[in-house]
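The structure appears right after this line, and notes come after that.
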Amino acid sequence: MTILVTGATGRVGRNVVEQLTKRGASVRVLTRDPAKTTFNGDVEVAKGDLLDLDALRNAFTGVRTLFLLNAVTGDEFTQAIIALNAARAAGIERVVYLSVFDADRAVNVPHFAVKFGAERMLEAMGFSATVLRPSYFIDNEVMIKDVIMNYNVYPMPIGSKGVAMVDARDIAEVAAIELIRRDQAPGKLPSETINLVGPDTLTGADAAAIWTEVLGRPVAYGGDDPSGFEANMATFMPKWMAYEMRLMAERYVSDGMIPEAGDRERLTGILGRPLHTYRDFAAALVG
């Protein structure tokens, strides 16, 4: 049987596909643009998206296990609802779902609330699911590299509580391991939730200090200003999305993203290796 990967051309999905093919899994991807699917290994490509029911039904044929990743869009919840209903109708019971850290508590942040809604659907509809709840992606820093390099300011308002940033490669490898575990199980396994975090819980000042060390010159933290962050985001993304980013930043400032006891040990046990660090990612980013 086949594992279907959605969101396969993004930074997490692409790595999930790579990890699955390395482990010898039979993989199919659903994508709007097959031209972007330059994967190593033998990967079947199905054209379509999560609102295209004919494409979904075709893509779900012969699939036993689903990796569901919904991008942050205005119709994200509709995509999740349609995909899960179509999956159940196709006889798919095994799912690994990419949610978000604190999805059940940060319900004023739209894409957090959406993902918690999808988590509740998975439970209520009787899926055998692993819910992955990643913290802030270390890989987000690619978007702010130029600001750091050109202005010596770390601009993300992540606050002073601490955020346990996680590398997309760690997210993807845990996802692949869970997909194969569920796919190869003789029957439905109990559902579970895994917090995906990094090895360090960093404040804004901590991140600035790491960049200071990596670049060999002072880098300052830009401060806790979600409203200014919203204004900057609104210059290159829709205003509703910039507002959503503000709400997320306010959550970083008020609560942080702090691992629960045992989260890191659980991840290193699953992976059999240490977690990727923020400092190593920053150093690699600047070459």
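To be explicit about the labels: the chains of the structure tokens are called A, B, and onward in the order shown, and within each one the residues are counted from 1, while ligands get numbers from 1 in the order they are shown.
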So which residues touch A:Met149 within 12 Å, counting only C-alpha atoms, skipping near sequence neighbours fewer than 4 positions away, as a VMD selection string?
chain A and resid 141 to 145 153 to 155 208 211 to 212 214 to 220 282 285 to 286
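Between atom CA of A:Arg133 and atom CA of A:Leu271 lies a distance of 16.0 Å.
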If we count only C-alpha atoms and set the cut-off at 9 Å, which residues sit around A:Ala172, ignoring sequence neighbours fewer than 5 positions away in its own chain? Please answer as a list in words.
Arg11, Val12, Gly13, Arg14, Asn15, Val16, Val17, Glu18, Gln19, Asp167 and Ile177 of chain A
Would you please extract all strand (DSSP E) residues from stretch 45-94 of chain A, as assigned by DSSP on the backbone, and give them as a ChimeraX atom specification?
/A:45-47,63-68,94
